[in-house]
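Heads up: the structure comes next, in structure tokens.
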Amino acid sequence: MSAPWPAPRGLYGITAEADCGDAERLLAAVTAALAGGLRLLQYRDKRNPPEQRAALGAALLARCRAAGVPLIVNDDIELAAILGADGVHLGLSDGSLAEARARLGPEAIIGITCADSLERARAAAAGGASYVAFGAFFPSRTKPNAPPMTLERLRQARAELHLPICAIGGISPERAPPLVAAGADYVAAIEGLFGAADIRAAARAYAAAFDGRGAP
Ligand SMILES: Cc1ncc(COP(=O)(O)OP(=O)(O)O)c(N)n1
Ligand SMILES: Cc1ncsc1CCOP(=O)(O)O
Ligand SMILES: [Mg+2]
């Protein structure tokens, strides 16, 4: 059974390339993040061929299902469909929102990268996106060329958009609270979460940024 949407506000973990070369390591990392309170997981894997991505995606989906956490596939609408994952995340150069909705159905979670653009977020909302993602809020070693996004523009987005908003880009646990206060429903992290020495503790620290800030 697929996980309910919207997921409770909180940490959105995105798998690290460094973990995708080793299934055991990847599953251990994700298991630790789930134990620390991860609310959403994205399988982002730009290194493996399709067959391996299908196998890793299936293993991640089983782990996420057991935890009641949605699994979203980055970039690849077809892989999301084949796996029966909860959704897909699409950037500017990935497939279209309309194509994803047609392939995955009305219940699928479809996230759209808006980078620093409110205009793109408005179009995504009007086109039936499930959430929009803004960033990079801070310099990101994972994606150094992501355009910079500001807290002020995030507040503006929160004031006018009526769908979940995700903040991404160089976000450590210490950097999360102002983003949550400005209206982010999800804080997405790769290095700050999966690069941490204690992944479960890092997930808890991100989750704490949402404490006392209202129900999902
Ligand atoms: C939650 C979330 N937000 C943004 C992105 C970036 O997507 P994209 O611009 O397509 O870049 P890649 O991740 O594909 O390199 C994301 N993946 N997740
Ligand atoms: C995928 C993506 N899109 C904008 S910044 C980014 C990278 C996020 O990774 P990190 O949390 O390590 O900066
Ligand atoms: Mg992409």
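Chain labels A, B, ... are given in the sequence in which chains occur in the structure tokens; within each chain residues are numbered consecutively from 1, and ligands are likewise numbered from 1 in the order shown.
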May I have a table of the residues of chain A lying at most 8 Å from ligand 1, giving each one's closest pair of atoms and their distance in Å to one decimal, counting only C-alpha atoms and all ligand atoms, ordered by chain and ascending residue number, as a Markdown table?
| residue | atom | partner | partner_atom_place_in_ligand_line | distance |
| --- | --- | --- | --- | --- |
| A:Tyr12 | CA | ligand 1 | 1 (C) | 7.3 |
| A:Ile14 | CA | ligand 1 | 18 (N) | 7.2 |
| A:Gln42 | CA | ligand 1 | 18 (N) | 7.2 |
| A:Arg44 | CA | ligand 1 | 13 (O) | 6.7 |
| A:Asn74 | CA | ligand 1 | 17 (N) | 5.8 |
| A:Asp75 | CA | ligand 1 | 14 (O) | 5.6 |
| A:His89 | CA | ligand 1 | 18 (N) | 6.0 |
| A:Leu90 | CA | ligand 1 | 10 (O) | 5.2 |
| A:Gly91 | CA | ligand 1 | 10 (O) | 3.1 |
| A:Leu92 | CA | ligand 1 | 9 (O) | 6.0 |
| A:Ser93 | CA | ligand 1 | 10 (O) | 6.5 |
| A:Asp94 | CA | ligand 1 | 10 (O) | 6.2 |
| A:Gly111 | CA | ligand 1 | 1 (C) | 6.9 |
| A:Ile112 | CA | ligand 1 | 3 (N) | 7.0 |
| A:Thr113 | CA | ligand 1 | 4 (C) | 4.8 |
| A:Cys114 | CA | ligand 1 | 4 (C) | 7.6 |
| A:Ala115 | CA | ligand 1 | 9 (O) | 7.2 |
| A:Val132 | CA | ligand 1 | 3 (N) | 7.7 |
| A:Ala133 | CA | ligand 1 | 3 (N) | 4.7 |
| A:Phe134 | CA | ligand 1 | 3 (N) | 6.6 |
| A:Gly135 | CA | ligand 1 | 4 (C) | 7.1 |
| A:Lys143 | CA | ligand 1 | 15 (O) | 7.0 |
| A:Ala146 | CA | ligand 1 | 9 (O) | 7.7 |
| A:Cys166 | CA | ligand 1 | 1 (C) | 6.2 |
| A:Ala167 | CA | ligand 1 | 1 (C) | 7.2 |
| A:Ile168 | CA | ligand 1 | 3 (N) | 5.9 |
| A:Ala188 | CA | ligand 1 | 1 (C) | 5.7 |
Include N, CA and C atoms and write out the residues we just selected as a JSON list (two decimals), in the first residue's frame.
[["chain", "number", "residue", "atom", "x", "y", "z"],
["A", 12, "TYR", "N", 13.41, 15.40, 4.25],
["A", 12, "TYR", "CA", 13.32, 14.71, 2.96],
["A", 12, "TYR", "C", 14.75, 14.29, 2.61],
["A", 14, "ILE", "N", 17.68, 12.44, 0.47],
["A", 14, "ILE", "CA", 17.97, 12.09, -0.92],
["A", 14, "ILE", "C", 19.24, 11.26, -0.93],
["A", 42, "GLN", "N", 14.03, 10.17, -1.44],
["A", 42, "GLN", "CA", 14.20, 10.21, -2.90],
["A", 42, "GLN", "C", 15.38, 9.31, -3.28],
["A", 44, "ARG", "N", 17.97, 8.94, -5.70],
["A", 44, "ARG", "CA", 18.70, 9.71, -6.72],
["A", 44, "ARG", "C", 19.99, 8.96, -7.00],
["A", 74, "ASN", "N", 14.11, 9.94, -8.50],
["A", 74, "ASN", "CA", 14.59, 11.13, -9.18],
["A", 74, "ASN", "C", 14.68, 10.88, -10.70],
["A", 75, "ASP", "N", 14.23, 11.85, -11.47],
["A", 75, "ASP", "CA", 14.45, 11.92, -12.93],
["A", 75, "ASP", "C", 13.64, 10.94, -13.79],
["A", 89, "HIS", "N", 10.56, 12.83, -8.98],
["A", 89, "HIS", "CA", 10.96, 14.24, -8.90],
["A", 89, "HIS", "C", 11.59, 14.64, -10.23],
["A", 90, "LEU", "N", 11.09, 15.75, -10.78],
["A", 90, "LEU", "CA", 11.53, 16.19, -12.10],
["A", 90, "LEU", "C", 12.15, 17.58, -12.07],
["A", 91, "GLY", "N", 13.29, 17.72, -12.73],
["A", 91, "GLY", "CA", 13.92, 19.02, -12.90],
["A", 91, "GLY", "C", 13.64, 19.56, -14.29],
["A", 92, "LEU", "N", 14.27, 20.69, -14.57],
["A", 92, "LEU", "CA", 14.04, 21.38, -15.85],
["A", 92, "LEU", "C", 14.33, 20.52, -17.06],
["A", 93, "SER", "N", 15.35, 19.68, -16.97],
["A", 93, "SER", "CA", 15.73, 18.91, -18.15],
["A", 93, "SER", "C", 15.27, 17.46, -18.06],
["A", 94, "ASP", "N", 14.33, 17.18, -17.16],
["A", 94, "ASP", "CA", 13.78, 15.83, -17.05],
["A", 94, "ASP", "C", 12.44, 15.79, -17.81],
["A", 111, "GLY", "N", 7.08, 15.82, -7.78],
["A", 111, "GLY", "CA", 7.78, 17.01, -7.31],
["A", 111, "GLY", "C", 8.50, 17.70, -8.45],
["A", 112, "ILE", "N", 8.51, 19.02, -8.40],
["A", 112, "ILE", "CA", 9.09, 19.81, -9.48],
["A", 112, "ILE", "C", 10.16, 20.76, -8.94],
["A", 113, "THR", "N", 11.33, 20.72, -9.55],
["A", 113, "THR", "CA", 12.39, 21.67, -9.22],
["A", 113, "THR", "C", 12.03, 23.05, -9.74],
["A", 114, "CYS", "N", 12.03, 24.02, -8.86],
["A", 114, "CYS", "CA", 11.75, 25.40, -9.29],
["A", 114, "CYS", "C", 12.98, 26.29, -9.12],
["A", 115, "ALA", "N", 14.05, 25.74, -8.56],
["A", 115, "ALA", "CA", 15.31, 26.47, -8.38],
["A", 115, "ALA", "C", 15.06, 27.77, -7.63],
["A", 132, "VAL", "N", 6.59, 21.60, -4.70],
["A", 132, "VAL", "CA", 7.62, 22.31, -5.46],
["A", 132, "VAL", "C", 8.88, 22.42, -4.60],
["A", 133, "ALA", "N", 10.02, 22.42, -5.26],
["A", 133, "ALA", "CA", 11.29, 22.48, -4.54],
["A", 133, "ALA", "C", 12.07, 23.71, -4.97],
["A", 134, "PHE", "N", 12.54, 24.47, -3.98],
["A", 134, "PHE", "CA", 13.37, 25.66, -4.23],
["A", 134, "PHE", "C", 14.77, 25.44, -3.67],
["A", 135, "GLY", "N", 15.74, 26.00, -4.34],
["A", 135, "GLY", "CA", 17.11, 25.96, -3.85],
["A", 135, "GLY", "C", 18.09, 25.98, -5.01],
["A", 143, "LYS", "N", 25.65, 19.78, -5.71],
["A", 143, "LYS", "CA", 25.21, 20.40, -6.96],
["A", 143, "LYS", "C", 25.67, 21.86, -6.95],
["A", 146, "ALA", "N", 23.72, 24.82, -8.80],
["A", 146, "ALA", "CA", 22.30, 25.15, -8.54],
["A", 146, "ALA", "C", 22.19, 26.65, -8.25],
["A", 166, "CYS", "N", 9.34, 22.43, -0.64],
["A", 166, "CYS", "CA", 10.57, 21.79, -0.18],
["A", 166, "CYS", "C", 11.74, 22.76, -0.38],
["A", 167, "ALA", "N", 12.61, 22.83, 0.61],
["A", 167, "ALA", "CA", 13.84, 23.63, 0.49],
["A", 167, "ALA", "C", 15.01, 22.67, 0.35],
["A", 168, "ILE", "N", 15.97, 23.04, -0.50],
["A", 168, "ILE", "CA", 17.11, 22.15, -0.77],
["A", 168, "ILE", "C", 18.37, 22.98, -1.02],
["A", 188, "ALA", "N", 15.20, 19.19, 2.31],
["A", 188, "ALA", "CA", 15.86, 18.08, 1.63],
["A", 188, "ALA", "C", 17.37, 18.16, 1.84]]
With only C-alpha atoms as the counted atoms, please give the residues lying no more than 10 Å from Ala59 in chain A, apart from itself and same-chain residues fewer than 5 positions off, as a list in words.
Ala23, Glu24, Leu26, Leu27, Arg53, Ala54, Cys64 and Leu83 of chain A
Just-selected residues, N, CA and C atoms written as a PDB file, in the first residue's frame:
ATOM      1  N   ALA A  23      24.805  -1.886  -2.276  1.00  0.00           N
ATOM      2  CA  ALA A  23      23.417  -2.025  -1.809  1.00  0.00           C
ATOM      3  C   ALA A  23      23.315  -2.077  -0.289  1.00  0.00           C
ATOM      4  N   GLU A  24      24.235  -2.808   0.326  1.00  0.00           N
ATOM      5  CA  GLU A  24      24.169  -2.945   1.792  1.00  0.00           C
ATOM      6  C   GLU A  24      24.379  -1.611   2.481  1.00  0.00           C
ATOM      7  N   LEU A  26      23.904   1.331   1.159  1.00  0.00           N
ATOM      8  CA  LEU A  26      22.769   2.216   0.868  1.00  0.00           C
ATOM      9  C   LEU A  26      21.601   1.914   1.811  1.00  0.00           C
ATOM     10  N   LEU A  27      21.297   0.640   1.966  1.00  0.00           N
ATOM     11  CA  LEU A  27      20.165   0.266   2.825  1.00  0.00           C
ATOM     12  C   LEU A  27      20.437   0.573   4.291  1.00  0.00           C
ATOM     13  N   ARG A  53      19.618  -0.064 -11.009  1.00  0.00           N
ATOM     14  CA  ARG A  53      18.741   0.941 -10.385  1.00  0.00           C
ATOM     15  C   ARG A  53      17.387   0.318 -10.053  1.00  0.00           C
ATOM     16  N   ALA A  54      16.922  -0.588 -10.915  1.00  0.00           N
ATOM     17  CA  ALA A  54      15.651  -1.260 -10.635  1.00  0.00           C
ATOM     18  C   ALA A  54      15.774  -2.110  -9.367  1.00  0.00           C
ATOM     19  N   CYS A  64      11.065   1.464   2.609  1.00  0.00           N
ATOM     20  CA  CYS A  64      10.201   2.642   2.833  1.00  0.00           C
ATOM     21  C   CYS A  64       8.773   2.214   3.158  1.00  0.00           C
ATOM     22  N   LEU A  83       8.667   0.291 -10.680  1.00  0.00           N
ATOM     23  CA  LEU A  83       8.806  -0.072  -9.261  1.00  0.00           C
ATOM     24  C   LEU A  83       7.473  -0.023  -8.516  1.00  0.00           C
TER      25      LEU A  83
END
What does the list of residues within 6 Å of ligand 2 look like if you count only C-alpha atoms and all ligand atoms, written as a VMD selection string?
chain A and resid 135 to 136 140 to 143 146 168 to 171 189 to 192
With only C-alpha atoms as the counted atoms, please give the residues lying no more than 12 Å from Gly127 in chain A, apart from itself and same-chain residues fewer than 2 positions off, as a ChimeraX atom specification.
/A:96-102,110-112,120-125,129-132,163
Grab the residues selected above and save them as a CSV table (one decimal), in the first residue's frame with N, CA and C atoms.
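again25.csv was written with the following content:
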chain,number,residue,atom,x,y,z
A,96,SER,N,8.3,15.8,-18.5
A,96,SER,CA,7.3,16.8,-18.1
A,96,SER,C,6.4,16.4,-17.0
A,97,LEU,N,5.8,17.3,-16.3
A,97,LEU,CA,4.8,17.1,-15.3
A,97,LEU,C,3.6,16.3,-15.9
A,98,ALA,N,3.1,16.8,-17.1
A,98,ALA,CA,2.0,16.2,-17.7
A,98,ALA,C,2.2,14.7,-18.1
A,99,GLU,N,3.4,14.5,-18.6
A,99,GLU,CA,3.8,13.1,-19.0
A,99,GLU,C,3.9,12.2,-17.7
A,100,ALA,N,4.4,12.7,-16.7
A,100,ALA,CA,4.5,12.0,-15.4
A,100,ALA,C,3.1,11.7,-14.8
A,101,ARG,N,2.3,12.7,-14.9
A,101,ARG,CA,0.9,12.5,-14.3
A,101,ARG,C,0.2,11.4,-15.1
A,102,ALA,N,0.3,11.5,-16.5
A,102,ALA,CA,-0.4,10.5,-17.3
A,102,ALA,C,0.2,9.1,-17.1
A,110,ILE,N,4.3,14.0,-7.4
A,110,ILE,CA,5.2,14.5,-8.5
A,110,ILE,C,5.8,15.8,-8.0
A,111,GLY,N,7.1,15.8,-7.8
A,111,GLY,CA,7.8,17.0,-7.3
A,111,GLY,C,8.5,17.7,-8.4
A,112,ILE,N,8.5,19.0,-8.4
A,112,ILE,CA,9.1,19.8,-9.5
A,112,ILE,C,10.2,20.8,-8.9
A,120,ARG,N,8.0,29.5,-12.2
A,120,ARG,CA,8.0,28.1,-12.4
A,120,ARG,C,7.1,27.3,-11.4
A,121,ALA,N,7.2,27.8,-10.2
A,121,ALA,CA,6.4,27.2,-9.1
A,121,ALA,C,4.9,27.4,-9.4
A,122,ARG,N,4.5,28.6,-9.8
A,122,ARG,CA,3.1,28.8,-10.1
A,122,ARG,C,2.7,27.9,-11.3
A,123,ALA,N,3.5,27.7,-12.3
A,123,ALA,CA,3.1,26.9,-13.4
A,123,ALA,C,3.0,25.4,-12.9
A,124,ALA,N,3.9,25.0,-12.0
A,124,ALA,CA,3.9,23.6,-11.5
A,124,ALA,C,2.6,23.4,-10.7
A,125,ALA,N,2.3,24.4,-9.9
A,125,ALA,CA,1.1,24.3,-9.1
A,125,ALA,C,-0.2,24.2,-10.0
A,129,ALA,N,1.3,19.7,-9.8
A,129,ALA,CA,2.4,19.2,-9.1
A,129,ALA,C,2.0,18.9,-7.6
A,130,SER,N,2.6,17.9,-7.0
A,130,SER,CA,2.3,17.6,-5.6
A,130,SER,C,3.1,18.5,-4.6
A,131,TYR,N,4.3,18.8,-5.0
A,131,TYR,CA,5.1,19.8,-4.2
A,131,TYR,C,6.1,20.5,-5.2
A,132,VAL,N,6.6,21.6,-4.7
A,132,VAL,CA,7.6,22.3,-5.5
A,132,VAL,C,8.9,22.4,-4.6
A,163,LEU,N,0.5,24.5,-1.9
A,163,LEU,CA,1.0,23.1,-2.0
A,163,LEU,C,2.3,23.0,-1.2
Name all residues at most 10 Å from Leu61 in chain A (count only C-alpha atoms; drop same-chain ones fewer than 2 positions away) and give them as a list in words.
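Residues meeting the cut-off are Ser2, Leu41, Tyr43, Ala55, Leu56, Gly57, Ala58, Ala59, Arg63, Cys64, Arg65, Ala66, Ala67, Val69, Pro70, Leu71, Ile72, Val73, Leu83, Gly84, Ala85 and Asp86 of chain A.
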Kindly export the residues of the current selection with C-alpha atoms, as a short mmCIF file (atom, residue, chain, number, x, y, z; two decimals), in the first residue's frame.
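The file below, selection11.cif, is the result:
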data_model
loop_
_atom_site.label_atom_id
_atom_site.label_comp_id
_atom_site.auth_asym_id
_atom_site.auth_seq_id
_atom_site.Cartn_x
_atom_site.Cartn_y
_atom_site.Cartn_z
CA SER A 2 1.36 3.41 -0.89
CA LEU A 41 13.01 9.47 0.62
CA TYR A 43 16.19 7.60 -4.78
CA ALA A 55 17.10 -3.66 -8.04
CA LEU A 56 18.21 -0.92 -5.65
CA GLY A 57 14.93 0.94 -6.12
CA ALA A 58 12.95 -2.20 -5.26
CA ALA A 59 15.00 -2.75 -2.10
CA ARG A 63 12.27 -0.51 3.28
CA CYS A 64 10.20 2.64 2.83
CA ARG A 65 6.91 0.73 2.71
CA ALA A 66 7.78 -0.99 5.99
CA ALA A 67 8.31 2.45 7.53
CA VAL A 69 7.45 6.60 4.17
CA PRO A 70 6.96 7.55 0.50
CA LEU A 71 9.70 6.70 -2.00
CA ILE A 72 10.18 9.16 -4.83
CA VAL A 73 12.40 8.36 -7.81
CA LEU A 83 8.81 -0.07 -9.26
CA GLY A 84 5.34 1.10 -8.25
CA ALA A 85 7.10 3.86 -6.30
CA ASP A 86 5.09 6.68 -4.76
#
Run DSSP on the backbone and grab whatever in range 130-207 of chain A lands in helix (DSSP H, G or I); send it over as a count of residues only.
32
Between CA of Gly87 in chain A and CA of Ala108 in chain A, what is the distance, to one decimal in Å?
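Separation between CA of Gly87 in chain A and CA of Ala108 in chain A: 4.9 Å.
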Residue nearest ligand 3 - candidates A:Ile82, A:Ile77, A:Ala203, A:Leu179, atoms counted: only C-alpha atoms and all ligand atoms
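Of A:Ile82, A:Ile77, A:Ala203, A:Leu179, the one nearest ligand 3, counting only C-alpha atoms and all ligand atoms, is A:Ile77.
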So which one's closest to Phe137 in chain A, A:Ala159, A:Ala176, A:Ile109, A:Ala201? Using only C-alpha atoms, please.
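Closest candidate: A:Ala176.
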I'd like to know which of A:Pro144, A:Ser172, A:Leu40, A:Gly21 is closest to Gly195 in chain A, using only C-alpha atoms.
A:Ser172
Quick one: DSSP strand (DSSP E) residues in chain A, as a ChimeraX atom specification?
/A:10-14,40-43,71-74,87-90,109-115,131-134,165-167,186-189
Closest of A:Gly95, A:Gly128, A:Gly36, A:Pro164 to ligand 3 - atom-to-atom distances counting only C-alpha atoms and all ligand atoms:
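Selected residue with least distance to ligand 3: A:Gly95.
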Counting only C-alpha atoms and all ligand atoms, which of A:Leu38, A:Asp76, A:Asn145, A:Ala81 gets nearest to ligand 3?
A:Asp76
For the atom pair CA of Glu51 in chain A and CA of Ala18 in chain A, what is the interatomic distance in Å to one decimal place?
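Between these atoms lies a distance of 18.3 Å.
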I'd like to know which of A:Ala3, A:Val88, A:Ala126, A:Ala80 is closest to ligand 3, using only C-alpha atoms and all ligand atoms.
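Using only C-alpha atoms and all ligand atoms, the shortest distance to ligand 3 belongs to A:Val88.
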